[in-house]
>>> print(open('my_file.cif').read())   # mmCIF, C-alpha atoms and all ligand atoms
data_upload
loop_
_atom_site.label_atom_id
_atom_site.label_comp_id
_atom_site.auth_asym_id
_atom_site.auth_seq_id
_atom_site.Cartn_x
_atom_site.Cartn_y
_atom_site.Cartn_z
CA LEU A 1 -4.97 -6.47 2.87
CA SER A 2 -8.49 -7.41 1.92
CA PHE A 3 -11.50 -8.49 3.92
CA ALA A 4 -14.94 -9.98 3.51
CA LEU A 5 -17.71 -8.54 5.64
CA LEU A 6 -19.89 -11.10 7.44
CA VAL A 7 -23.14 -9.73 8.83
CA PRO A 8 -25.15 -11.92 11.20
CA ALA A 9 -28.71 -10.67 10.69
CA ALA A 10 -30.64 -13.86 11.42
CA GLY A 11 -31.81 -12.98 14.93
CA SER A 12 -35.49 -12.69 15.76
CA GLY A 13 -35.46 -9.41 17.66
CA GLU A 14 -37.60 -10.90 20.42
CA ARG A 15 -36.18 -8.61 23.10
CA LEU A 16 -37.26 -5.63 21.01
CA GLY A 17 -40.82 -6.85 21.14
CA ALA A 18 -41.08 -6.53 17.37
CA LYS A 19 -42.68 -9.16 15.15
CA ARG A 20 -40.10 -8.67 12.45
CA PRO A 21 -36.37 -9.45 12.69
CA LYS A 22 -34.31 -6.66 14.19
CA ALA A 23 -32.24 -6.25 11.01
CA LEU A 24 -35.35 -5.13 9.10
CA LEU A 25 -36.50 -2.50 11.56
CA GLU A 26 -36.13 0.98 10.15
CA ILE A 27 -34.74 4.28 11.30
CA ALA A 28 -35.94 7.18 9.14
CA GLY A 29 -37.05 4.67 6.51
CA ILE A 30 -33.72 2.84 6.27
CA PRO A 31 -33.45 -0.71 7.70
CA LEU A 32 -30.84 -1.39 10.38
CA VAL A 33 -29.05 -3.94 8.19
CA VAL A 34 -28.65 -1.42 5.37
CA ARG A 35 -27.27 1.16 7.78
CA ALA A 36 -24.91 -1.43 9.28
CA VAL A 37 -23.49 -2.48 5.90
CA ARG A 38 -23.34 0.87 4.05
CA PRO A 39 -20.20 2.37 5.69
CA PHE A 40 -18.14 -0.69 4.71
CA LEU A 41 -18.94 -0.40 1.00
CA SER A 42 -16.75 2.66 0.53
CA PHE A 43 -13.68 0.53 1.36
CA PRO A 44 -12.00 -0.96 -1.73
CA GLU A 45 -10.42 -3.56 0.62
CA CYS A 46 -13.90 -5.04 1.10
CA THR A 47 -14.16 -7.91 -1.39
CA GLU A 48 -17.56 -9.36 -0.49
CA VAL A 49 -20.46 -8.88 1.93
CA LEU A 50 -22.48 -11.84 3.23
CA VAL A 51 -25.65 -11.13 5.13
CA ALA A 52 -27.03 -14.11 7.10
CA ALA A 53 -30.85 -13.97 7.13
CA PRO A 54 -33.59 -15.91 8.91
CA ARG A 55 -35.30 -18.40 6.57
CA GLU A 56 -38.71 -16.67 6.55
CA TYR A 57 -37.14 -13.33 5.66
CA LEU A 58 -34.54 -14.34 3.06
CA ASN A 59 -36.55 -12.72 0.31
CA GLU A 60 -37.20 -9.53 2.17
CA LEU A 61 -33.54 -9.16 3.12
CA GLU A 62 -32.61 -9.66 -0.52
CA ILE A 63 -34.99 -6.90 -1.59
CA VAL A 64 -33.78 -4.54 1.11
CA THR A 65 -30.06 -5.12 0.49
CA SER A 66 -30.49 -4.81 -3.28
CA GLY A 67 -31.20 -1.16 -2.47
CA LEU A 68 -27.48 -0.85 -1.71
CA SER A 69 -26.83 -1.43 -5.45
CA ASP A 70 -23.53 -3.16 -4.81
CA LYS A 71 -22.62 -6.44 -6.50
CA ARG A 72 -20.43 -7.45 -3.56
CA VAL A 73 -23.49 -7.95 -1.33
CA ARG A 74 -25.18 -11.37 -1.05
CA VAL A 75 -27.79 -12.78 1.32
CA ILE A 76 -27.40 -16.31 2.69
CA LEU A 77 -29.42 -18.48 5.06
CA GLY A 78 -28.43 -17.96 8.71
CA GLY A 79 -28.35 -20.48 11.55
CA THR A 80 -29.96 -21.09 14.93
CA THR A 81 -27.29 -19.21 16.88
CA ARG A 82 -25.29 -16.14 15.95
CA GLN A 83 -22.17 -18.31 15.83
CA ASP A 84 -23.86 -20.70 13.38
CA SER A 85 -24.85 -17.75 11.20
CA VAL A 86 -21.22 -16.57 11.11
CA GLY A 87 -20.02 -20.14 10.39
CA LEU A 88 -22.43 -20.43 7.47
CA ALA A 89 -21.23 -17.08 6.11
CA LEU A 90 -17.62 -18.29 6.36
CA ALA A 91 -18.55 -21.41 4.39
CA ALA A 92 -20.24 -19.32 1.70
CA LEU A 93 -17.24 -17.05 0.98
CA GLU A 94 -16.31 -16.85 -2.67
CA SER A 95 -13.83 -13.99 -2.89
CA GLU A 96 -10.10 -14.01 -2.24
CA CYS A 97 -9.38 -12.26 1.04
CA ASN A 98 -6.96 -12.49 3.99
CA ALA A 99 -9.41 -11.58 6.71
CA VAL A 100 -13.03 -11.11 7.65
CA MET A 101 -14.81 -8.40 9.54
CA VAL A 102 -17.85 -9.63 11.44
CA HIS A 103 -20.35 -6.88 12.14
CA ASP A 104 -23.78 -7.14 13.79
CA ALA A 105 -26.74 -5.98 11.73
CA ALA A 106 -27.95 -4.57 15.06
CA ARG A 107 -25.16 -1.93 15.15
CA PRO A 108 -26.39 0.58 12.57
CA LEU A 109 -24.28 3.53 13.77
CA VAL A 110 -20.85 2.11 12.91
CA SER A 111 -18.68 4.85 11.41
CA ARG A 112 -16.20 4.82 8.53
CA ASP A 113 -13.60 6.17 10.96
CA LEU A 114 -13.99 3.15 13.24
CA ILE A 115 -13.65 0.75 10.29
CA ALA A 116 -10.56 2.63 9.05
CA GLY A 117 -9.10 2.50 12.57
CA ILE A 118 -9.51 -1.26 12.72
CA LEU A 119 -7.92 -1.72 9.30
CA ALA A 120 -4.97 0.47 10.34
CA GLU A 121 -4.47 -1.52 13.55
CA PHE A 122 -4.62 -4.88 11.75
CA LYS A 123 -0.84 -5.29 11.44
CA ASP A 124 1.21 -8.43 10.84
CA ASP A 125 1.59 -9.11 14.57
CA VAL A 126 -2.13 -9.56 15.29
CA THR A 127 -4.66 -12.29 14.59
CA ALA A 128 -7.67 -10.13 15.43
CA VAL A 129 -8.61 -6.53 16.20
CA LEU A 130 -11.82 -5.36 17.80
CA PRO A 131 -13.27 -2.16 19.26
CA GLY A 132 -13.93 -1.90 22.98
CA LEU A 133 -14.89 0.68 25.57
CA PRO A 134 -13.39 0.88 29.05
CA VAL A 135 -15.97 0.18 31.77
CA THR A 136 -16.87 3.00 34.14
CA ASP A 137 -18.70 1.05 36.85
CA THR A 138 -16.93 -1.14 39.38
CA LEU A 139 -17.28 -4.82 38.56
CA LYS A 140 -17.96 -7.57 41.10
CA LEU A 141 -17.62 -11.24 40.41
CA VAL A 142 -20.37 -12.99 42.37
CA ARG A 143 -20.97 -16.61 43.31
CA GLU A 144 -23.67 -18.53 41.48
CA GLN A 145 -27.03 -18.83 43.29
CA SER A 146 -26.11 -16.88 46.45
CA ASN A 147 -24.96 -13.77 44.54
CA ASP A 148 -22.38 -13.22 47.28
CA VAL A 149 -19.35 -11.27 46.13
CA GLU A 150 -16.32 -13.37 45.41
CA ARG A 151 -14.05 -10.47 44.46
CA THR A 152 -13.75 -7.14 42.72
CA LEU A 153 -12.36 -7.19 39.17
CA PRO A 154 -9.55 -4.86 38.03
CA ARG A 155 -11.65 -2.21 36.31
CA ASP A 156 -8.77 -0.55 34.47
CA ARG A 157 -8.17 -3.70 32.42
CA ILE A 158 -11.78 -4.47 31.52
CA TYR A 159 -13.51 -3.48 28.29
CA THR A 160 -16.96 -4.07 26.88
CA VAL A 161 -16.46 -5.03 23.28
CA GLN A 162 -18.26 -4.27 20.05
CA THR A 163 -18.17 -5.26 16.42
CA PRO A 164 -16.75 -5.00 13.76
CA GLN A 165 -14.28 -7.67 14.82
CA MET A 166 -11.55 -8.21 12.22
CA ILE A 167 -10.02 -11.69 12.20
CA ARG A 168 -7.46 -13.43 9.96
CA LEU A 169 -9.34 -15.85 7.73
CA GLU A 170 -7.48 -19.14 8.18
CA PRO A 171 -7.22 -19.15 11.99
CA PHE A 172 -10.87 -18.07 12.17
CA ARG A 173 -11.93 -20.96 9.93
CA ALA A 174 -9.90 -23.40 12.03
CA ALA A 175 -11.33 -22.03 15.28
CA HIS A 176 -14.90 -22.35 13.95
CA ARG A 177 -14.29 -25.97 13.02
CA LYS A 178 -12.87 -26.75 16.46
CA ALA A 179 -15.69 -24.95 18.28
CA LYS A 180 -18.28 -26.83 16.26
CA ALA A 181 -16.64 -30.18 17.03
CA ALA A 182 -16.47 -29.31 20.74
CA GLY A 183 -20.00 -27.85 20.91
CA PHE A 184 -18.54 -24.59 22.23
CA ILE A 185 -20.65 -21.46 21.73
CA ALA A 186 -18.98 -18.15 22.49
CA SER A 187 -20.65 -14.79 22.92
CA ASP A 188 -18.41 -13.00 20.42
CA ASP A 189 -16.26 -13.93 17.44
CA VAL A 190 -12.72 -13.37 18.72
CA ALA A 191 -13.47 -15.64 21.72
CA LEU A 192 -13.04 -18.57 19.30
CA ILE A 193 -9.52 -17.37 18.49
CA GLU A 194 -8.79 -16.99 22.21
CA ALA A 195 -10.03 -20.53 22.83
CA TYR A 196 -8.45 -22.42 19.96
CA GLU A 197 -5.76 -20.44 18.12
CA LYS A 198 -2.52 -18.71 19.02
CA GLY A 199 -2.02 -15.08 18.24
CA THR A 200 -2.76 -11.66 19.60
CA VAL A 201 -6.30 -10.33 19.86
CA ARG A 202 -6.05 -6.55 20.22
CA VAL A 203 -8.67 -4.13 21.54
CA LEU A 204 -8.71 -0.60 20.22
CA GLN A 205 -10.82 2.34 21.32
CA GLY A 206 -14.43 1.78 20.28
CA ASP A 207 -17.19 4.29 19.70
CA GLU A 208 -20.02 5.09 22.14
CA GLN A 209 -22.42 5.51 19.23
CA ASN A 210 -21.68 2.04 17.90
CA PHE A 211 -23.95 0.39 20.46
CA LYS A 212 -26.00 -2.73 19.75
CA ILE A 213 -29.72 -2.30 19.42
CA THR A 214 -31.32 -4.78 21.81
CA THR A 215 -34.24 -3.04 23.54
CA PRO A 216 -36.85 -0.48 22.38
CA THR A 217 -34.89 2.16 24.35
CA ASP A 218 -31.81 1.44 22.22
CA LEU A 219 -33.87 1.94 19.06
CA GLU A 220 -35.14 5.29 20.36
CA ARG A 221 -31.59 6.33 21.24
CA ALA A 222 -30.38 5.53 17.71
CA ARG A 223 -33.34 7.44 16.24
CA SER A 224 -32.58 10.55 18.23
CA ILE A 225 -28.85 10.43 17.46
CA LEU A 226 -29.63 10.25 13.73
CA ALA A 227 -32.28 12.95 13.96
CA ALA A 228 -29.83 15.27 15.74
CA ALA A 229 -27.11 14.56 13.18
CA THR A 230 -29.45 15.56 10.30
CA ILE A 231 -27.88 12.84 8.17
CA VAL A 232 -30.10 10.09 6.84
O1 LIG B 1 -29.54 -11.25 19.65
P1 LIG B 1 -28.30 -10.42 19.55
O2 LIG B 1 -28.56 -8.96 19.66
O3 LIG B 1 -27.16 -10.89 20.42
O4 LIG B 1 -27.80 -10.67 18.05
C1 LIG B 1 -26.62 -10.07 17.56
C2 LIG B 1 -26.61 -10.21 16.06
O5 LIG B 1 -26.57 -11.59 15.69
C3 LIG B 1 -27.86 -9.61 15.40
O6 LIG B 1 -27.44 -8.83 14.30
C4 LIG B 1 -28.67 -10.84 15.01
O7 LIG B 1 -29.46 -10.64 13.86
C5 LIG B 1 -27.59 -11.88 14.76
N1 LIG B 1 -28.06 -13.29 14.92
C6 LIG B 1 -27.90 -14.20 13.84
N2 LIG B 1 -28.35 -15.49 13.96
C7 LIG B 1 -28.95 -15.91 15.09
C8 LIG B 1 -29.10 -15.01 16.20
C9 LIG B 1 -28.63 -13.71 16.08
O8 LIG B 1 -27.38 -13.83 12.79
N3 LIG B 1 -29.40 -17.16 15.15
#
>>> encode(input="my_file.cif", output="structure tokens", more="lines below")
Ligand code: C5P
Amino acid sequence: LSFALLVPAAGSGERLGAKRPKALLEIAGIPLVVRAVRPFLSFPECTEVLVAAPREYLNELEIVTSGLSDKRVRVILGGTTRQDSVGLALAALESECNAVMVHDAARPLVSRDLIAGILAEFKDDVTAVLPGLPVTDTLKLVREQSNDVERTLPRDRIYTVQTPQMIRLEPFRAAHRKAKAAGFIASDDVALIEAYEKGTVRVLQGDEQNFKITTPTDLERARSILAAATIV
């Protein structure tokens, strides 16, 4: 089993209030995108790494990722939505692989254990595997506009999901083509499999530390976790 890693890193980071793209923000001198990619490079199953960058920062992302000193890593031009960036990365694949892992540049605290867990769970009977965390709050489905409660959702079957999401290559390619033709934009990668392809999409236990950096508070949280861990 082999996989290519696709890293959407072409977002602007507007919600962080930073001028630079989120992927280039640093924790203890190391950019988020470098932290997000590094744990994958120790896996021999990883054949290639494609980082999708915003046009104005292609050069800078190339410089930063060259610090990883790994020939498998390449930077490509990203798109206007995250899904476009992933689609462009799919189109740019050069290596032979059976699957991809899609991992946000904005999740710098992904662990090798989580990646190994996903690989181990990616058996013949699944089309995709992704990490998720059970929700702790009660969830209400509300009506549009009025915000009146329609019903309460079954909490014990609801997960908030993360990346890396591992997906078989051919069904993922087919689903991307169909979504593009239909103008469908999903909020995560496996949703395209759910919408257009058959096959099981399996959630395994995620990792609290593998949160996505969206706000300045998230960045502070990641900084303090890394400071406490004394690893750089
Ligand atoms: O904005 P959000 O946090 O949802 O972005 C998730 C990931 O998708 C980030 O790593 C971001 O860089 C990436 N992205 C992208 N292309 C876009 C928008 C977001 O690669 N057009």
>>> residues_around(input="my_file.cif", residues="stretch 45-61 of chain A", least_positions_apart="3", cutoff="9 Å", atoms="only C-alpha atoms", output="number ranges by chain")
A: 1-12, 20-21, 23-24, 33, 37, 40-42, 64-66, 71-80, 85-86, 88-90, 92-97, 100, 105
>>> atom_distance(input="my_file.cif", atom1="atom CA of A:Gln209", atom2="atom CA of A:Gln162")
10.7 Å
>>> closest_residue(input="my_file.cif", among="A:Arg107, A:Ile158, A:Ala179, A:Leu119", to="A:Glu194", atoms="all atoms listed in the file")
A:Ala179
>>> atom_distance(input="my_file.cif", atom1="atom CA of A:Asp207", atom2="atom CA of A:Val110")
8.0 Å
>>> closest_residue(input="my_file.cif", among="A:Ile225, A:Ala18, A:Leu153, A:Ala106", to="A:Lys140", atoms="all atoms listed in the file")
A:Leu153
>>> axis_aligned_box(input="my_file.cif", around="stretch 193-203 of chain A", padding_each_side="3 Å", output="AutoDock Vina command-line options")
--center_x -6.0 --center_y -13.3 --center_z 20.5 --size_x 14.0 --size_y 24.3 --size_z 10.7
>>> closest_residue(input="my_file.cif", among="A:Gly67, A:Pro108, A:Pro44, A:Pro39", to="ligand LIG 1 (chain B)", atoms="only C-alpha atoms and all ligand atoms")
A:Pro108
>>> closest_residue(input="my_file.cif", among="A:Val135, A:Ala186, A:Ala116, A:Ala191", to="ligand LIG 1 (chain B)", atoms="all atoms listed in the file")
A:Ala186
